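In what follows, a single structure is set out as structure tokens and then discussed.
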Amino acid sequence: GRIKQALGDFADDAYPAVVPGRLEGQRVAVLFVGPVDRGVSTAVGKAVHDAGGTVVRTRSIGVPVDAKAIHDALAQQPAFRQLAGTNQLKDLGRALAGELAAGGKTPLWDALGEIIVLERKGLSAPPADAVVVVRSAKPQRGATRAFLAGVYTGFARSGAPAVGTEASGAATTAIPAFALAGLSTVDSIDTAAGRLGLVLLLGGAEPGSYGIEETAGDGVLPPIP
């Protein structure tokens with residue numbers, strides 16, 4: 001407790017010294033699994049903005065997913081037939097994550113927008129230099145779980161820094177699911193330590209699981225370059 005408190009105090013002091021300009025000109029995409037959590041959205045936006053970056057788009061997807069509606073929409077389009085079917089949901093998640101990070105044309109998001117998207121803000125076209133993912137919904141099972149594993153893995157493999165985050169004291173933490181898929185993670189985004197960790201990870205710091213909760217296996221903060 002005392003060590004975490006001291007590191008929290010350090011983060012409060014370090015934040016204004018370290019953060020400004022660290023994401024200068026960087027474009028960040030944010031995905032919520034479940035409805036947009038306004039508090040978390042504001043905290044992520046503040047961290048990115050304080051560092052000189054911009055959140056270029058935010059999307060939220062509804063869970064559990066409607067596997068039949070997804071199948072029917074994809075089966076109608078020859079280009080996407082190979083992604084239609086419950087067995088393909090993981091691959092579909094991966095492909096959607098890739099589109100969200102890359103920007104440009106987003107045919108899969110266009111095809112499934114009415115079926116999976118709850119909220120959208122910002123343009124689809126600008127490429128994202130980094131990605132943040134937040135799960136506001138409770139853990140999922142079955143087909144939706146496979147789909148989300150694909151989404152998280154897709155971000156982890158996108159080539160851009162990709163970070164899963166949540167507020168402190170989340171009822172059911174998503175951090176282990178994010179970490180399992182290869183995402184970096186930072187908890188307690190509602191604190192200076194969380195926002196500092198997020199900025200460092202989005203800026204290319206040593207990947208890992210950071211924060212002040214038990215799930216943070218790599219310490220409170222990544223090394224500050």
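In the structure tokens, the first chain shown is A, the next is B, and so on; residue numbers restart at 1 for each chain, and ligands run from 1 in the order shown.
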
*If you count only C-alpha atoms, which residues fall within 8 Å of A:Gln26, apart from same-chain ones fewer than 3 positions away, as a count of residues only?*
7

*Can you list, as a count of residues only, every protein, DNA or RNA residue that comes within 7 Å of A:Phe32 when you count only C-alpha atoms, leaving out same-chain residues fewer than 6 positions away?*
7

_Set the distance at 12 Å and use only C-alpha atoms: which residues neighbour A:Val30 once local chain neighbours fewer than 6 positions away are removed? I'd like the list as a PyMOL selection string._
chain A and resi 36-37+40-45+48+54-61+97+100-101+119-124+128-135+155+162-165+202

File dump, residues just selected, N, CA, C and O atoms, as a compact mmCIF listing (two decimals), in the first residue's frame:
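To be explicit, this is the file written out as again29.txt:
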# COMPACT_ATOMS: atom_id res chain seq x y z
N VAL A 36 -20.34 3.14 -24.50
CA VAL A 36 -19.27 4.06 -24.14
C VAL A 36 -19.41 4.44 -22.66
O VAL A 36 -20.47 4.87 -22.22
N ASP A 37 -18.34 4.23 -21.90
CA ASP A 37 -18.29 4.67 -20.50
C ASP A 37 -17.76 6.10 -20.51
O ASP A 37 -16.60 6.32 -20.85
N VAL A 40 -14.51 6.91 -18.47
CA VAL A 40 -13.29 6.35 -19.05
C VAL A 40 -12.95 7.06 -20.36
O VAL A 40 -11.79 7.38 -20.63
N SER A 41 -13.99 7.33 -21.16
CA SER A 41 -13.77 8.04 -22.43
C SER A 41 -13.13 9.40 -22.19
O SER A 41 -12.18 9.80 -22.88
N THR A 42 -13.62 10.12 -21.18
CA THR A 42 -13.07 11.44 -20.84
C THR A 42 -11.63 11.32 -20.37
O THR A 42 -10.77 12.12 -20.76
N ALA A 43 -11.35 10.31 -19.53
CA ALA A 43 -9.99 10.12 -19.00
C ALA A 43 -9.00 9.80 -20.12
O ALA A 43 -7.90 10.34 -20.16
N VAL A 44 -9.40 8.91 -21.04
CA VAL A 44 -8.53 8.57 -22.17
C VAL A 44 -8.31 9.81 -23.04
O VAL A 44 -7.18 10.11 -23.43
N GLY A 45 -9.40 10.52 -23.33
CA GLY A 45 -9.29 11.73 -24.15
C GLY A 45 -8.39 12.78 -23.53
O GLY A 45 -7.57 13.41 -24.21
N VAL A 48 -4.64 11.64 -23.87
CA VAL A 48 -4.16 11.79 -25.25
C VAL A 48 -3.99 13.28 -25.58
O VAL A 48 -2.96 13.70 -26.14
N THR A 54 -4.49 13.25 -30.65
CA THR A 54 -5.92 13.42 -30.93
C THR A 54 -6.60 12.07 -30.97
O THR A 54 -6.07 11.13 -31.58
N VAL A 55 -7.77 11.96 -30.34
CA VAL A 55 -8.61 10.77 -30.53
C VAL A 55 -9.37 10.99 -31.84
O VAL A 55 -10.26 11.84 -31.91
N VAL A 56 -8.98 10.26 -32.88
CA VAL A 56 -9.59 10.49 -34.20
C VAL A 56 -10.93 9.79 -34.35
O VAL A 56 -11.76 10.21 -35.14
N ARG A 57 -11.12 8.68 -33.62
CA ARG A 57 -12.43 8.01 -33.68
C ARG A 57 -12.65 7.15 -32.45
O ARG A 57 -11.71 6.59 -31.89
N THR A 58 -13.91 7.07 -32.08
CA THR A 58 -14.36 6.18 -31.01
C THR A 58 -15.50 5.35 -31.57
O THR A 58 -16.40 5.88 -32.23
N ARG A 59 -15.45 4.06 -31.33
CA ARG A 59 -16.55 3.17 -31.72
C ARG A 59 -16.92 2.34 -30.50
O ARG A 59 -16.06 1.98 -29.70
N SER A 60 -18.21 2.01 -30.36
CA SER A 60 -18.59 1.04 -29.34
C SER A 60 -19.42 -0.05 -30.01
O SER A 60 -20.23 0.23 -30.90
N ILE A 61 -19.15 -1.29 -29.60
CA ILE A 61 -19.86 -2.43 -30.19
C ILE A 61 -20.71 -3.11 -29.13
O ILE A 61 -20.32 -3.21 -27.98
N ALA A 97 -10.65 -5.38 -36.13
CA ALA A 97 -9.63 -4.62 -35.39
C ALA A 97 -8.62 -4.02 -36.35
O ALA A 97 -8.22 -2.85 -36.21
N LEU A 100 -10.10 -0.98 -38.03
CA LEU A 100 -10.25 0.16 -37.14
C LEU A 100 -8.91 0.87 -36.93
O LEU A 100 -8.84 2.09 -36.86
N ALA A 101 -7.83 0.07 -36.84
CA ALA A 101 -6.50 0.66 -36.65
C ALA A 101 -5.99 1.30 -37.94
O ALA A 101 -5.45 2.41 -37.93
N GLU A 119 -22.38 3.03 -30.89
CA GLU A 119 -22.10 4.47 -31.03
C GLU A 119 -20.88 4.65 -31.90
O GLU A 119 -19.96 3.83 -31.89
N ARG A 120 -20.86 5.76 -32.65
CA ARG A 120 -19.69 6.08 -33.45
C ARG A 120 -19.43 7.58 -33.38
O ARG A 120 -20.36 8.38 -33.37
N LYS A 121 -18.17 7.92 -33.30
CA LYS A 121 -17.78 9.33 -33.26
C LYS A 121 -16.45 9.43 -33.98
O LYS A 121 -15.54 8.63 -33.74
N GLY A 122 -16.34 10.39 -34.89
CA GLY A 122 -15.08 10.56 -35.61
C GLY A 122 -15.06 9.78 -36.91
O GLY A 122 -15.85 8.87 -37.14
N LEU A 123 -14.15 10.15 -37.79
CA LEU A 123 -14.08 9.61 -39.14
C LEU A 123 -13.39 8.24 -39.17
O LEU A 123 -12.54 7.94 -38.34
N SER A 124 -13.76 7.43 -40.17
CA SER A 124 -13.18 6.10 -40.32
C SER A 124 -11.83 6.15 -41.04
O SER A 124 -11.00 5.26 -40.87
N ALA A 128 -4.78 5.21 -37.62
CA ALA A 128 -4.50 5.44 -36.20
C ALA A 128 -3.05 5.02 -35.92
O ALA A 128 -2.60 3.98 -36.38
N ASP A 129 -2.35 5.86 -35.15
CA ASP A 129 -0.97 5.53 -34.74
C ASP A 129 -0.97 4.61 -33.53
O ASP A 129 0.05 3.98 -33.23
N ALA A 130 -2.08 4.57 -32.80
CA ALA A 130 -2.20 3.74 -31.60
C ALA A 130 -3.67 3.50 -31.32
O ALA A 130 -4.53 4.23 -31.81
N VAL A 131 -3.95 2.47 -30.52
CA VAL A 131 -5.32 2.05 -30.26
C VAL A 131 -5.52 1.81 -28.76
O VAL A 131 -4.64 1.28 -28.09
N VAL A 132 -6.70 2.21 -28.27
CA VAL A 132 -7.09 1.93 -26.89
C VAL A 132 -8.38 1.11 -26.93
O VAL A 132 -9.29 1.42 -27.69
N VAL A 133 -8.43 0.05 -26.10
CA VAL A 133 -9.67 -0.75 -26.03
C VAL A 133 -10.12 -0.82 -24.57
O VAL A 133 -9.32 -0.94 -23.65
N VAL A 134 -11.44 -0.69 -24.40
CA VAL A 134 -12.06 -0.69 -23.07
C VAL A 134 -13.25 -1.64 -23.12
O VAL A 134 -14.03 -1.60 -24.08
N ARG A 135 -13.41 -2.50 -22.11
CA ARG A 135 -14.60 -3.35 -22.05
C ARG A 135 -15.50 -2.82 -20.94
O ARG A 135 -15.21 -3.00 -19.77
N PHE A 155 -5.83 -6.18 -32.57
CA PHE A 155 -5.17 -4.95 -32.14
C PHE A 155 -3.72 -5.22 -31.73
O PHE A 155 -2.82 -4.47 -32.08
N ALA A 162 -1.02 -0.86 -28.82
CA ALA A 162 -2.42 -1.14 -28.50
C ALA A 162 -2.53 -1.44 -27.01
O ALA A 162 -1.81 -2.29 -26.50
N VAL A 163 -3.43 -0.72 -26.34
CA VAL A 163 -3.50 -0.77 -24.88
C VAL A 163 -4.94 -0.99 -24.43
O VAL A 163 -5.84 -0.28 -24.85
N GLY A 164 -5.13 -1.99 -23.56
CA GLY A 164 -6.41 -2.19 -22.90
C GLY A 164 -6.40 -1.46 -21.57
O GLY A 164 -5.42 -1.51 -20.83
N THR A 165 -7.49 -0.75 -21.26
CA THR A 165 -7.53 -0.01 -20.00
C THR A 165 -8.90 -0.05 -19.37
O THR A 165 -9.89 -0.46 -20.01
N LEU A 202 1.15 4.24 -25.25
CA LEU A 202 0.73 4.68 -26.59
C LEU A 202 1.91 5.27 -27.35
O LEU A 202 1.97 5.23 -28.58

*asked:* Need the shell around A:Gln140: protein/DNA/RNA residues with any atom at most 12 Å away, counting only C-alpha atoms. Skip same-chain ones fewer than 3 positions apart. Format as a PyMOL selection string?
replied: chain A and resi 33-34+62-65+135-137+143-149+172+174+177

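For the pair atom CA of A:Arg38 and atom CA of A:Pro139, the interatomic distance is 19.4 Å.
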
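With only C-alpha atoms as the basis for measurement, A:Ala193 is the residue among A:Leu198, A:Arg27, A:Tyr210, A:Ala193 that approaches A:Asp9 most closely.
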
_Selection: 12 Å around A:Pro78, only C-alpha atoms, excl. self and same-chain fewer than 6 positions, as a list in words_ = Asp72, Ala84 and Ala111 of chain A

Selection to disk with C-alpha atoms, as a PDB file, in the first residue's frame:
ATOM      1  CA  ASP A  72     -26.525 -13.183 -42.977  1.00  0.00           C
ATOM      2  CA  ALA A  84     -19.419 -15.837 -42.503  1.00  0.00           C
ATOM      3  CA  ALA A 111     -21.201  -4.066 -43.878  1.00  0.00           C
TER       4      ALA A 111
END

*Based on DSSP run over this structure's backbone, return all residues of stretch 149-215 of chain A in strand (DSSP E), as a list in words.*
Ala162, Val163, Gly164, Thr165, Ser184, Thr185, Val186, Ser209 and Tyr210 of chain A

Would you tabulate, counting only C-alpha atoms, all residues of stretch 98-120 of chain A that have an atom at most 9 Å from an atom of stretch 73-77 of chain A, showing the closest pair of atoms and their distance in Å to one decimal, sorted by chain then ascending number, as JSON lines?
{"residue": "A:Leu108", "atom": "CA", "partner": "A:Leu74", "partner_atom": "CA", "distance": 8.5}
{"residue": "A:Ala111", "atom": "CA", "partner": "A:Ala73", "partner_atom": "CA", "distance": 6.8}
{"residue": "A:Leu112", "atom": "CA", "partner": "A:Ala73", "partner_atom": "CA", "distance": 6.9}
{"residue": "A:Ile115", "atom": "CA", "partner": "A:Ala73", "partner_atom": "CA", "distance": 8.7}
